[in-house]
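A.B. asks: If it helps, the file is called work_33.pdb and holds PDB, C-alpha atoms:
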```pdb
ATOM      1  CA  MET W   1     -34.429  -9.033 -11.546
ATOM      2  CA  GLY W   2     -30.774  -9.641 -12.417
ATOM      3  CA  GLU W   3     -29.470 -10.711 -15.797
ATOM      4  CA  ARG W   4     -30.024 -14.409 -16.305
ATOM      5  CA  ARG W   5     -27.095 -16.617 -17.206
ATOM      6  CA  TYR W   6     -27.566 -19.665 -19.342
ATOM      7  CA  PRO W   7     -25.627 -22.861 -19.994
ATOM      8  CA  CYS W   8     -21.960 -22.968 -20.897
ATOM      9  CA  PRO W   9     -20.824 -21.949 -24.406
ATOM     10  CA  MET W  10     -20.312 -25.585 -25.485
ATOM     11  CA  ALA W  11     -24.007 -26.324 -24.990
ATOM     12  CA  PRO W  12     -26.787 -25.965 -27.565
ATOM     13  CA  THR W  13     -28.410 -22.553 -27.707
ATOM     14  CA  GLY W  14     -31.192 -21.901 -25.206
ATOM     15  CA  SER W  15     -33.412 -18.878 -24.802
ATOM     16  CA  ALA W  16     -35.033 -16.893 -22.029
ATOM     17  CA  THR W  17     -38.327 -18.695 -22.599
ATOM     18  CA  HIS W  18     -36.887 -22.160 -23.358
ATOM     19  CA  PRO W  19     -33.529 -22.250 -21.560
ATOM     20  CA  PHE W  20     -32.973 -25.972 -22.203
ATOM     21  CA  GLY W  21     -35.235 -26.561 -25.194
ATOM     22  CA  THR W  22     -38.713 -28.086 -25.081
ATOM     23  CA  VAL W  23     -38.546 -31.885 -24.657
ATOM     24  CA  LEU W  24     -36.125 -33.385 -22.144
ATOM     25  CA  THR W  25     -36.059 -36.926 -20.806
ATOM     26  CA  ALA W  26     -35.053 -37.924 -17.283
ATOM     27  CA  MET W  27     -32.721 -40.717 -18.334
ATOM     28  CA  VAL W  28     -32.384 -44.096 -16.639
ATOM     29  CA  THR W  29     -28.922 -45.249 -15.588
ATOM     30  CA  PRO W  30     -28.002 -48.565 -17.233
ATOM     31  CA  PHE W  31     -26.313 -51.179 -15.046
ATOM     32  CA  LYS W  32     -24.439 -54.320 -15.988
ATOM     33  CA  ALA W  33     -25.367 -57.714 -14.542
ATOM     34  CA  ASP W  34     -22.922 -57.120 -11.688
ATOM     35  CA  LEU W  35     -24.700 -53.772 -11.007
ATOM     36  CA  SER W  36     -21.760 -51.627 -12.052
ATOM     37  CA  VAL W  37     -22.719 -48.623 -14.192
ATOM     38  CA  ASP W  38     -22.737 -49.466 -17.891
ATOM     39  CA  TYR W  39     -21.312 -46.276 -19.375
ATOM     40  CA  ASP W  40     -21.278 -47.646 -22.926
ATOM     41  CA  ALA W  41     -24.996 -48.428 -22.691
ATOM     42  CA  ALA W  42     -25.603 -44.963 -21.236
ATOM     43  CA  GLN W  43     -23.907 -43.394 -24.235
ATOM     44  CA  GLN W  44     -25.944 -45.529 -26.632
ATOM     45  CA  LEU W  45     -29.182 -44.679 -24.835
ATOM     46  CA  ALA W  46     -28.317 -40.980 -24.811
ATOM     47  CA  ALA W  47     -27.659 -41.005 -28.546
ATOM     48  CA  ASP W  48     -30.917 -42.888 -29.151
ATOM     49  CA  LEU W  49     -32.884 -40.379 -27.090
ATOM     50  CA  VAL W  50     -31.474 -37.415 -28.975
ATOM     51  CA  ALA W  51     -32.283 -39.129 -32.275
ATOM     52  CA  LEU W  52     -35.841 -39.652 -31.030
ATOM     53  CA  GLY W  53     -36.305 -35.903 -30.632
ATOM     54  CA  ASN W  54     -35.111 -34.924 -27.175
ATOM     55  CA  ASP W  55     -33.599 -31.456 -26.790
ATOM     56  CA  GLY W  56     -32.007 -32.442 -23.504
ATOM     57  CA  LEU W  57     -31.304 -35.241 -21.070
ATOM     58  CA  ILE W  58     -31.461 -35.261 -17.289
ATOM     59  CA  VAL W  59     -28.684 -37.450 -15.889
ATOM     60  CA  ASN W  60     -28.571 -38.589 -12.248
ATOM     61  CA  GLY W  61     -32.193 -37.844 -11.491
ATOM     62  CA  THR W  62     -34.568 -40.040  -9.518
ATOM     63  CA  THR W  63     -35.390 -41.984 -12.679
ATOM     64  CA  GLY W  64     -31.641 -42.461 -13.019
ATOM     65  CA  GLU W  65     -31.569 -44.116  -9.577
ATOM     66  CA  ALA W  66     -29.282 -41.347  -8.304
ATOM     67  CA  PRO W  67     -29.838 -42.251  -4.629
ATOM     68  CA  THR W  68     -27.925 -45.492  -5.303
ATOM     69  CA  THR W  69     -24.954 -44.177  -7.303
ATOM     70  CA  MET W  70     -21.680 -42.909  -5.875
ATOM     71  CA  PRO W  71     -20.267 -39.390  -6.515
ATOM     72  CA  GLU W  72     -17.554 -40.684  -8.838
ATOM     73  CA  GLU W  73     -20.154 -42.660 -10.802
ATOM     74  CA  LYS W  74     -22.379 -39.611 -11.116
ATOM     75  CA  ALA W  75     -19.558 -37.471 -12.493
ATOM     76  CA  LYS W  76     -18.377 -40.162 -14.908
ATOM     77  CA  LEU W  77     -21.942 -40.694 -16.142
ATOM     78  CA  VAL W  78     -22.409 -36.996 -16.892
ATOM     79  CA  GLU W  79     -19.073 -36.943 -18.699
ATOM     80  CA  ALA W  80     -20.002 -40.001 -20.757
ATOM     81  CA  VAL W  81     -23.374 -38.576 -21.806
ATOM     82  CA  VAL W  82     -21.867 -35.193 -22.707
ATOM     83  CA  GLU W  83     -19.344 -37.035 -24.872
ATOM     84  CA  ALA W  84     -22.110 -39.034 -26.539
ATOM     85  CA  VAL W  85     -24.386 -36.141 -27.474
ATOM     86  CA  GLY W  86     -21.922 -33.292 -27.992
ATOM     87  CA  ASP W  87     -23.726 -30.089 -28.819
ATOM     88  CA  ARG W  88     -26.853 -31.864 -30.106
ATOM     89  CA  ALA W  89     -28.660 -31.714 -26.762
ATOM     90  CA  PHE W  90     -28.425 -30.212 -23.306
ATOM     91  CA  VAL W  91     -27.093 -32.471 -20.572
ATOM     92  CA  ILE W  92     -28.553 -31.480 -17.213
ATOM     93  CA  ALA W  93     -27.080 -33.046 -14.085
ATOM     94  CA  GLY W  94     -29.320 -33.876 -11.160
ATOM     95  CA  VAL W  95     -27.379 -32.703  -8.114
ATOM     96  CA  GLY W  96     -29.968 -32.090  -5.399
ATOM     97  CA  ASN W  97     -30.453 -33.912  -2.126
ATOM     98  CA  ASN W  98     -31.181 -32.978   1.480
ATOM     99  CA  ASP W  99     -27.605 -31.977   2.335
ATOM    100  CA  THR W 100     -26.717 -28.564   0.912
ATOM    101  CA  ALA W 101     -22.948 -28.990   1.159
ATOM    102  CA  ASP W 102     -23.150 -32.324  -0.639
ATOM    103  CA  SER W 103     -25.374 -30.839  -3.348
ATOM    104  CA  VAL W 104     -22.898 -28.000  -3.841
ATOM    105  CA  GLN W 105     -20.087 -30.508  -4.333
ATOM    106  CA  HIS W 106     -22.157 -32.525  -6.821
ATOM    107  CA  ALA W 107     -22.844 -29.280  -8.712
ATOM    108  CA  LYS W 108     -19.135 -28.479  -8.906
ATOM    109  CA  ASP W 109     -18.353 -32.043 -10.010
ATOM    110  CA  ALA W 110     -20.981 -31.868 -12.764
ATOM    111  CA  ALA W 111     -19.721 -28.509 -13.997
ATOM    112  CA  ALA W 112     -16.154 -29.825 -14.097
ATOM    113  CA  VAL W 113     -17.093 -32.656 -16.491
ATOM    114  CA  GLY W 114     -19.107 -30.510 -18.879
ATOM    115  CA  ALA W 115     -22.733 -30.471 -17.718
ATOM    116  CA  HIS W 116     -24.803 -27.761 -19.367
ATOM    117  CA  GLY W 117     -27.121 -27.157 -16.427
ATOM    118  CA  LEU W 118     -28.256 -28.440 -13.041
ATOM    119  CA  LEU W 119     -31.523 -29.923 -11.794
ATOM    120  CA  VAL W 120     -32.004 -29.438  -8.051
ATOM    121  CA  VAL W 121     -34.835 -31.173  -6.243
ATOM    122  CA  CYS W 122     -36.395 -29.508  -3.229
ATOM    123  CA  PRO W 123     -34.646 -30.848  -0.085
ATOM    124  CA  TYR W 124     -36.547 -33.941   0.959
ATOM    125  CA  TYR W 125     -37.409 -35.748   4.180
ATOM    126  CA  ASN W 126     -35.840 -33.341   6.689
ATOM    127  CA  LYS W 127     -38.469 -30.652   5.952
ATOM    128  CA  PRO W 128     -36.534 -27.378   6.170
ATOM    129  CA  THR W 129     -38.344 -24.074   6.520
ATOM    130  CA  GLN W 130     -38.908 -21.995   3.406
ATOM    131  CA  GLU W 131     -35.992 -19.817   4.515
ATOM    132  CA  GLY W 132     -33.880 -22.973   4.439
ATOM    133  CA  VAL W 133     -35.179 -23.933   1.008
ATOM    134  CA  ILE W 134     -34.229 -20.520  -0.372
ATOM    135  CA  ALA W 135     -30.768 -20.666   1.225
ATOM    136  CA  HIS W 136     -30.254 -24.189  -0.139
ATOM    137  CA  TYR W 137     -31.006 -23.155  -3.713
ATOM    138  CA  ARG W 138     -28.967 -19.977  -3.506
ATOM    139  CA  ALA W 139     -25.924 -21.873  -2.243
ATOM    140  CA  ILE W 140     -26.096 -24.332  -5.147
ATOM    141  CA  ALA W 141     -26.758 -21.621  -7.731
ATOM    142  CA  ASP W 142     -23.779 -19.654  -6.414
ATOM    143  CA  ALA W 143     -21.461 -22.676  -6.666
ATOM    144  CA  THR W 144     -21.084 -22.763 -10.480
ATOM    145  CA  ASP W 145     -21.822 -20.723 -13.593
ATOM    146  CA  LEU W 146     -24.491 -23.183 -14.777
ATOM    147  CA  GLY W 147     -28.195 -22.489 -15.060
ATOM    148  CA  VAL W 148     -30.282 -24.161 -12.357
ATOM    149  CA  ILE W 149     -33.702 -25.788 -12.695
ATOM    150  CA  THR W 150     -35.531 -25.942  -9.379
ATOM    151  CA  TYR W 151     -37.640 -29.069  -8.910
ATOM    152  CA  ASP W 152     -40.891 -28.778  -6.980
ATOM    153  CA  ILE W 153     -42.250 -32.236  -6.104
ATOM    154  CA  PRO W 154     -43.948 -32.171  -2.697
ATOM    155  CA  GLY W 155     -45.269 -35.719  -3.031
ATOM    156  CA  ARG W 156     -41.708 -37.009  -2.777
ATOM    157  CA  ALA W 157     -39.927 -34.178  -0.969
ATOM    158  CA  GLY W 158     -42.495 -33.851   1.785
ATOM    159  CA  ILE W 159     -42.641 -30.068   1.328
ATOM    160  CA  ALA W 160     -43.467 -27.724  -1.535
ATOM    161  CA  ILE W 161     -41.584 -24.682  -2.721
ATOM    162  CA  ALA W 162     -43.916 -21.874  -1.635
ATOM    163  CA  HIS W 163     -45.110 -19.090  -3.933
ATOM    164  CA  GLU W 164     -43.201 -16.501  -1.938
ATOM    165  CA  SER W 165     -40.039 -18.607  -2.180
ATOM    166  CA  PHE W 166     -40.307 -18.690  -5.959
ATOM    167  CA  LEU W 167     -40.561 -14.897  -5.960
ATOM    168  CA  GLU W 168     -37.207 -14.804  -4.160
ATOM    169  CA  LEU W 169     -35.520 -17.562  -6.130
ATOM    170  CA  ALA W 170     -36.541 -16.205  -9.537
ATOM    171  CA  GLN W 171     -34.412 -13.135  -8.850
ATOM    172  CA  HIS W 172     -31.219 -15.190  -8.854
ATOM    173  CA  PRO W 173     -29.502 -14.859 -12.255
ATOM    174  CA  ARG W 174     -28.671 -18.559 -12.471
ATOM    175  CA  ILE W 175     -32.052 -19.956 -11.421
ATOM    176  CA  VAL W 176     -33.490 -20.143 -14.923
ATOM    177  CA  ALA W 177     -36.448 -22.577 -14.785
ATOM    178  CA  ASN W 178     -38.622 -24.800 -12.613
ATOM    179  CA  LYS W 179     -39.564 -28.441 -13.066
ATOM    180  CA  ASP W 180     -43.112 -28.678 -11.779
ATOM    181  CA  ALA W 181     -44.527 -31.868 -10.292
ATOM    182  CA  LYS W 182     -46.770 -30.176  -7.759
ATOM    183  CA  GLY W 183     -49.985 -31.008  -9.598
ATOM    184  CA  ASP W 184     -51.381 -27.531  -8.948
ATOM    185  CA  LEU W 185     -52.044 -25.631 -12.174
ATOM    186  CA  TRP W 186     -53.254 -22.571 -10.291
ATOM    187  CA  ALA W 187     -50.030 -22.339  -8.273
ATOM    188  CA  ALA W 188     -47.981 -22.741 -11.451
ATOM    189  CA  GLN W 189     -49.893 -19.987 -13.249
ATOM    190  CA  ARG W 190     -49.355 -17.582 -10.381
ATOM    191  CA  VAL W 191     -45.595 -18.127 -10.264
ATOM    192  CA  MET W 192     -45.187 -17.876 -14.038
ATOM    193  CA  ALA W 193     -47.256 -14.690 -14.148
ATOM    194  CA  ALA W 194     -45.417 -13.091 -11.233
ATOM    195  CA  THR W 195     -41.864 -14.013 -12.200
ATOM    196  CA  GLY W 196     -41.668 -15.048 -15.856
ATOM    197  CA  LEU W 197     -39.801 -18.161 -14.679
ATOM    198  CA  PRO W 198     -40.003 -20.832 -17.410
ATOM    199  CA  TYR W 199     -41.803 -23.976 -16.275
ATOM    200  CA  TYR W 200     -41.205 -27.534 -17.452
ATOM    201  CA  SER W 201     -43.859 -30.121 -16.721
ATOM    202  CA  GLY W 202     -42.327 -32.776 -14.517
ATOM    203  CA  ASP W 203     -45.397 -35.023 -14.482
ATOM    204  CA  ASP W 204     -46.260 -36.719 -17.772
ATOM    205  CA  PRO W 205     -50.027 -36.930 -17.101
ATOM    206  CA  LEU W 206     -50.109 -33.125 -16.897
ATOM    207  CA  ASN W 207     -47.817 -32.256 -19.823
ATOM    208  CA  LEU W 208     -50.445 -30.682 -22.074
ATOM    209  CA  PRO W 209     -52.515 -29.136 -19.256
ATOM    210  CA  LEU W 210     -49.435 -27.389 -17.863
ATOM    211  CA  MET W 211     -48.390 -26.200 -21.317
ATOM    212  CA  SER W 212     -51.893 -24.786 -21.759
ATOM    213  CA  VAL W 213     -51.279 -22.392 -18.854
ATOM    214  CA  GLY W 214     -47.781 -21.373 -19.893
ATOM    215  CA  ALA W 215     -45.208 -24.154 -19.477
ATOM    216  CA  CYS W 216     -42.417 -24.096 -22.051
ATOM    217  CA  GLY W 217     -41.932 -27.845 -22.275
ATOM    218  CA  PHE W 218     -41.541 -31.172 -20.530
ATOM    219  CA  ILE W 219     -39.029 -33.046 -18.418
ATOM    220  CA  SER W 220     -40.457 -36.437 -19.142
ATOM    221  CA  VAL W 221     -40.090 -40.105 -18.277
ATOM    222  CA  THR W 222     -42.220 -41.360 -21.172
ATOM    223  CA  GLY W 223     -39.845 -39.416 -23.426
ATOM    224  CA  HIS W 224     -37.661 -42.539 -23.445
ATOM    225  CA  LEU W 225     -40.302 -43.989 -25.771
ATOM    226  CA  VAL W 226     -42.331 -41.136 -27.269
ATOM    227  CA  ALA W 227     -40.196 -37.980 -27.331
ATOM    228  CA  ASP W 228     -41.066 -37.572 -30.996
ATOM    229  CA  ARG W 229     -44.776 -37.385 -30.193
ATOM    230  CA  LEU W 230     -44.194 -35.091 -27.223
ATOM    231  CA  LYS W 231     -42.290 -32.769 -29.532
ATOM    232  CA  ALA W 232     -45.084 -32.905 -32.111
ATOM    233  CA  MET W 233     -47.658 -32.172 -29.408
ATOM    234  CA  ALA W 234     -45.734 -29.144 -28.179
ATOM    235  CA  GLU W 235     -45.253 -27.852 -31.718
ATOM    236  CA  ALA W 236     -48.944 -28.305 -32.532
ATOM    237  CA  PHE W 237     -50.046 -26.476 -29.411
ATOM    238  CA  THR W 238     -47.571 -23.631 -29.943
ATOM    239  CA  ALA W 239     -48.777 -23.267 -33.537
ATOM    240  CA  GLY W 240     -52.368 -22.925 -32.323
ATOM    241  CA  ASP W 241     -53.481 -26.411 -33.347
ATOM    242  CA  VAL W 242     -55.106 -27.232 -30.030
ATOM    243  CA  VAL W 243     -57.233 -30.020 -31.496
ATOM    244  CA  GLY W 244     -54.148 -31.656 -32.974
ATOM    245  CA  ALA W 245     -52.264 -31.361 -29.691
ATOM    246  CA  MET W 246     -55.211 -32.912 -27.857
ATOM    247  CA  ALA W 247     -55.285 -35.814 -30.297
ATOM    248  CA  ILE W 248     -51.608 -36.557 -29.713
ATOM    249  CA  ASN W 249     -52.078 -36.226 -25.968
ATOM    250  CA  ARG W 250     -54.949 -38.727 -26.023
ATOM    251  CA  SER W 251     -52.881 -41.175 -28.077
ATOM    252  CA  LEU W 252     -50.265 -41.079 -25.314
ATOM    253  CA  ILE W 253     -52.651 -41.980 -22.476
ATOM    254  CA  PRO W 254     -51.917 -45.742 -22.556
ATOM    255  CA  VAL W 255     -48.167 -45.066 -22.550
ATOM    256  CA  THR W 256     -48.462 -42.668 -19.631
ATOM    257  CA  LEU W 257     -50.681 -45.157 -17.833
ATOM    258  CA  GLY W 258     -48.148 -47.947 -18.224
ATOM    259  CA  ILE W 259     -45.020 -45.970 -17.439
ATOM    260  CA  MET W 260     -46.202 -43.532 -14.782
ATOM    261  CA  THR W 261     -49.040 -45.031 -12.760
ATOM    262  CA  ARG W 262     -48.611 -48.756 -12.140
ATOM    263  CA  VAL W 263     -45.054 -48.862 -10.724
ATOM    264  CA  PRO W 264     -42.321 -46.228 -10.279
ATOM    265  CA  GLY W 265     -41.201 -44.816 -13.609
ATOM    266  CA  ALA W 266     -37.638 -46.103 -13.457
ATOM    267  CA  ILE W 267     -38.876 -49.686 -13.124
ATOM    268  CA  ALA W 268     -41.384 -49.348 -15.958
ATOM    269  CA  VAL W 269     -38.982 -47.597 -18.327
ATOM    270  CA  LYS W 270     -36.255 -50.165 -17.858
ATOM    271  CA  ALA W 271     -38.783 -52.901 -18.567
ATOM    272  CA  ALA W 272     -40.023 -51.042 -21.658
ATOM    273  CA  LEU W 273     -36.501 -50.545 -22.980
ATOM    274  CA  ASP W 274     -35.861 -54.238 -22.399
ATOM    275  CA  LEU W 275     -39.031 -55.131 -24.313
ATOM    276  CA  GLN W 276     -37.772 -53.017 -27.199
ATOM    277  CA  GLY W 277     -34.287 -54.540 -27.050
ATOM    278  CA  ARG W 278     -32.762 -51.117 -26.469
ATOM    279  CA  ALA W 279     -29.856 -49.994 -24.304
ATOM    280  CA  GLY W 280     -30.803 -49.106 -20.751
ATOM    281  CA  GLY W 281     -33.144 -51.935 -19.839
ATOM    282  CA  GLY W 282     -32.491 -54.578 -17.239
ATOM    283  CA  ALA W 283     -30.750 -54.486 -13.876
ATOM    284  CA  MET W 284     -31.565 -52.124 -11.023
ATOM    285  CA  ARG W 285     -29.907 -51.400  -7.708
ATOM    286  CA  LEU W 286     -31.819 -52.106  -4.523
ATOM    287  CA  PRO W 287     -34.221 -51.030  -3.231
ATOM    288  CA  MET W 288     -35.493 -50.872  -6.820
ATOM    289  CA  VAL W 289     -36.136 -54.244  -8.452
ATOM    290  CA  PRO W 290     -36.942 -55.106 -12.069
ATOM    291  CA  MET W 291     -40.535 -55.586 -13.123
ATOM    292  CA  GLY W 292     -41.930 -59.120 -12.806
ATOM    293  CA  ASP W 293     -43.407 -61.150 -15.644
ATOM    294  CA  ALA W 294     -47.076 -60.452 -14.876
ATOM    295  CA  ALA W 295     -46.514 -56.700 -14.682
ATOM    296  CA  ARG W 296     -44.420 -56.797 -17.865
ATOM    297  CA  ALA W 297     -47.334 -58.400 -19.690
ATOM    298  CA  VAL W 298     -49.619 -55.562 -18.600
ATOM    299  CA  LEU W 299     -46.984 -53.006 -19.587
ATOM    300  CA  ARG W 300     -46.657 -54.613 -23.004
ATOM    301  CA  ASP W 301     -50.412 -54.253 -23.547
ATOM    302  CA  ASP W 302     -50.264 -50.596 -22.462
ATOM    303  CA  LEU W 303     -47.414 -49.804 -24.825
ATOM    304  CA  VAL W 304     -49.014 -51.575 -27.777
ATOM    305  CA  ALA W 305     -52.261 -49.674 -27.124
ATOM    306  CA  GLY W 306     -50.224 -46.470 -27.106
ATOM    307  CA  GLY W 307     -48.595 -47.204 -30.440
ATOM    308  CA  VAL W 308     -45.120 -48.020 -29.138
ATOM    309  CA  ALA W 309     -43.274 -50.487 -31.367
ATOM    310  CA  LEU W 310     -42.070 -53.601 -29.538
TER
END
```
Would you encode the structure as structure tokens?

C.D. replies:
Amino acid sequence: MGERRYPCPMAPTGSATHPFGTVLTAMVTPFKADLSVDYDAAQQLAADLVALGNDGLIVNGTTGEAPTTMPEEKAKLVEAVVEAVGDRAFVIAGVGNNDTADSVQHAKDAAAVGAHGLLVVCPYYNKPTQEGVIAHYRAIADATDLGVITYDIPGRAGIAIAHESFLELAQHPRIVANKDAKGDLWAAQRVMAATGLPYYSGDDPLNLPLMSVGACGFISVTGHLVADRLKAMAEAFTAGDVVGAMAINRSLIPVTLGIMTRVPGAIAVKAALDLQGRAGGGAMRLPMVPMGDAARAVLRDDLVAGGVAL
């Protein structure tokens, strides 16, 4: 296996086992009433999230409504968030889609404006072969000097990254971690054991279970609201306080229920931020629409039950 390369020198310090820290949040993209990107609100939200305990932020992910933003908006958003957080947190740019050449260009754009790493979802909808998946990731990883997080989410992509593909991809010096939303703890264990590739849980309901089999941390949606408790849970588990980690995990069940299971996470998080009066709530670009009043009432009950201040 070749020498791994980690984020640019201006980034916080990562490690071989935790290349981008432990708790990262997949950040929503704030929009103004006219649906233009609200970069000032994005900077405020980013600063708030770092203060809450996040080691890193994912910008231009699915939760950030990336399918609806233009390339110039994506680059400007990464630049704005990097400016807001400085060296206090990693800023990881989501650059993946189902067009390799386009993903390569997004990767170069993100690197040019100071991103510390790249998140690359498995190519979706067009269902390439595993040979195509490997070639896709290699092309993006070769395009910049930034560390790449692969993102395995077959429920949305339509295909999974196969075990054998991970064996190949883990040999690339700039593929430094995987975001796992496969929901298969056995598959995750096998890849981690065979490659040493750090895993981040990409599915909030499975954060603690995946950490129990070797994950180094979380790329979370609920982290908008409870990154401090996610951090405490990870620290408790790492210190051997399994009972304490379980107690925190159980306290988060209502939050996870409200944010991750009733409607898509981006919709629920924007409603939750709005309920808290924080930056980032409110407008969404079609086909996503804001949460209605009845659903907001249910969400409020979930968040209160989970100890979130409103």

A.B. asks: Expand the PyMOL selection byres ((chain W and resi 305) around 10) into the individual residues it matches in the shown file, reporting them as a PyMOL selection string.

C.D. replies: chain W and resi 251-255+258+299-304+306-309

A.B. asks: Please identify every residue of segment 20-57 of chain W that has at least one atom no farther than 12 Å from an atom of segment 67-74 of chain W, counting all atoms listed in the file, and for each give the shortest atom pair and the distance in Å to one decimal, arranged by chain then increasing number, as a tab-separated table.

C.D. replies:
```
residue	atom	partner	partner_atom	distance
W:Val28	CA	W:Thr69	CA	11.9
W:Thr29	CA	W:Thr69	CA	9.2
W:Pro30	CA	W:Thr69	CA	11.3
W:Phe31	CA	W:Thr69	CA	10.5
W:Leu35	CA	W:Thr69	CA	10.3
W:Ser36	CA	W:Glu73	CA	9.2
W:Val37	CA	W:Glu73	CA	7.3
W:Asp38	CA	W:Glu73	CA	10.2
W:Tyr39	CA	W:Glu73	CA	9.4
W:Ala42	CA	W:Lys74	CA	11.9
```

A.B. asks: Assuming the chain letters and numbering stay as they are in my file, what does the PyMOL selection byres ((chain W and resi 118) around 8) actually select? List them as an mmCIF file with C-alpha atoms, keeping the file's coordinate frame.

C.D. replies:
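Saved file part-v6.cif follows:
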```cif
data_model
loop_
_atom_site.group_PDB
_atom_site.id
_atom_site.type_symbol
_atom_site.label_atom_id
_atom_site.label_comp_id
_atom_site.auth_asym_id
_atom_site.auth_seq_id
_atom_site.Cartn_x
_atom_site.Cartn_y
_atom_site.Cartn_z
ATOM 1 C CA ILE W 92 -28.553 -31.480 -17.213
ATOM 2 C CA ALA W 93 -27.080 -33.046 -14.085
ATOM 3 C CA GLY W 94 -29.320 -33.876 -11.160
ATOM 4 C CA VAL W 95 -27.379 -32.703 -8.114
ATOM 5 C CA ALA W 107 -22.844 -29.280 -8.712
ATOM 6 C CA ALA W 115 -22.733 -30.471 -17.718
ATOM 7 C CA HIS W 116 -24.803 -27.761 -19.367
ATOM 8 C CA GLY W 117 -27.121 -27.157 -16.427
ATOM 9 C CA LEU W 119 -31.523 -29.923 -11.794
ATOM 10 C CA VAL W 120 -32.004 -29.438 -8.051
ATOM 11 C CA LEU W 146 -24.491 -23.183 -14.777
ATOM 12 C CA GLY W 147 -28.195 -22.489 -15.060
ATOM 13 C CA VAL W 148 -30.282 -24.161 -12.357
ATOM 14 C CA ILE W 149 -33.702 -25.788 -12.695
#
```

A.B. asks: Measuring between all atoms listed in the file, which one of W:Ala268, W:Ile175, W:Val121, W:Leu208 shows the shortest distance to Val243 of chain W?

C.D. replies: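 Among the listed residues, the smallest separation from Val243 of chain W belongs to W:Leu208.
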
A.B. asks: For this structure, which residues satisfy the selection - the PyMOL selection byres ((chain W and resi 61) around 8) - when it is evaluated on the file as given? I want them as a list in words.

C.D. replies: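 Matching residues under the PyMOL selection byres ((chain W and resi 61) around 8) are Ala26, Met27, Ile58, Val59, Asn60, Thr62, Thr63, Gly64, Glu65, Ala66, Ala93, Gly94, Val95 and Leu119 of chain W.
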
A.B. asks: Can you tell me, as a PyMOL selection string, which residues sit within 12 Å of (-28.0, -42.0, -30.2) in the file's frame, using all atoms listed in the file?

C.D. replies: chain W and resi 40-54+57+81-86+88-89+224+278-279

A.B. asks: Report, in Å with one decimal, the straight-line distance from atom CA of Ala160 of chain W to atom CA of Tyr124 of chain W.

C.D. replies: 9.6 Å

A.B. asks: Any idea what's packed within 12 Å of Ala236 of chain W, counting all atoms listed in the file, ignoring anything in its chain fewer than 3 positions away? Could you give it as a list in words?

C.D. replies: Leu208, Met211, Ser212, Arg229, Leu230, Lys231, Ala232, Met233, Ala239, Gly240, Asp241, Val242, Val243, Gly244, Ala245, Met246, Ala247, Ile248 and Asn249 of chain W

A.B. asks: Please indicate the distance in Å from atom CA of Gly217 of chain W to atom CA of Ala194 of chain W, rounded to one decimal place.

C.D. replies: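 These atoms are spaced 18.8 Å apart.
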
A.B. asks: Have a look at atom CA of Val104 of chain W and atom CA of Thr150 of chain W and let me know their distance in Å, one decimal.

C.D. replies: 13.9 Å

A.B. asks: Counting all atoms listed in the file, which residues come within 9 Å of (-29.7, -25.1, -25.8), with the point read in the file's coordinates, and could you list them as a ChimeraX atom specification?

C.D. replies: /W:6-7,11-15,18-21,55-56,87-90,116

A.B. asks: Between W:Glu164, W:Asp142, W:Asp152, W:Asp99, single out the one closest to Pro128 of chain W, counting only C-alpha atoms.

C.D. replies: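 Of W:Glu164, W:Asp142, W:Asp152, W:Asp99, the one nearest Pro128 of chain W, counting only C-alpha atoms, is W:Asp99.
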
A.B. asks: Determine the nearest neighbour of Arg156 of chain W from the options W:His136, W:Lys108, W:Glu168, W:Ala181, counting only C-alpha atoms.

C.D. replies: W:Ala181

A.B. asks: Which residues come within 12 Å of Arg190 of chain W, counting all atoms listed in the file, excluding same-chain residues fewer than 6 positions away, as an mmCIF file with C-alpha atoms, keeping the file's coordinate frame?

C.D. replies:
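The resulting file, result_9.cif, is shown below:
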```cif
data_model
loop_
_atom_site.group_PDB
_atom_site.id
_atom_site.type_symbol
_atom_site.label_atom_id
_atom_site.label_comp_id
_atom_site.auth_asym_id
_atom_site.auth_seq_id
_atom_site.Cartn_x
_atom_site.Cartn_y
_atom_site.Cartn_z
ATOM 1 C CA ALA W 162 -43.916 -21.874 -1.635
ATOM 2 C CA HIS W 163 -45.110 -19.090 -3.933
ATOM 3 C CA GLU W 164 -43.201 -16.501 -1.938
ATOM 4 C CA PHE W 166 -40.307 -18.690 -5.959
ATOM 5 C CA LEU W 167 -40.561 -14.897 -5.960
ATOM 6 C CA ASP W 184 -51.381 -27.531 -8.948
ATOM 7 C CA GLY W 196 -41.668 -15.048 -15.856
ATOM 8 C CA LEU W 197 -39.801 -18.161 -14.679
ATOM 9 C CA TYR W 199 -41.803 -23.976 -16.275
ATOM 10 C CA VAL W 213 -51.279 -22.392 -18.854
ATOM 11 C CA GLY W 214 -47.781 -21.373 -19.893
ATOM 12 C CA ALA W 215 -45.208 -24.154 -19.477
#
```

A.B. asks: Could you check the closest approach to Thr129 of chain W for each of W:Thr238, W:Asn207, W:Thr222, W:Ser165 and tell me which residue wins, using only C-alpha atoms?

C.D. replies: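 Nearest candidate to Thr129 of chain W out of W:Thr238, W:Asn207, W:Thr222, W:Ser165: W:Ser165.
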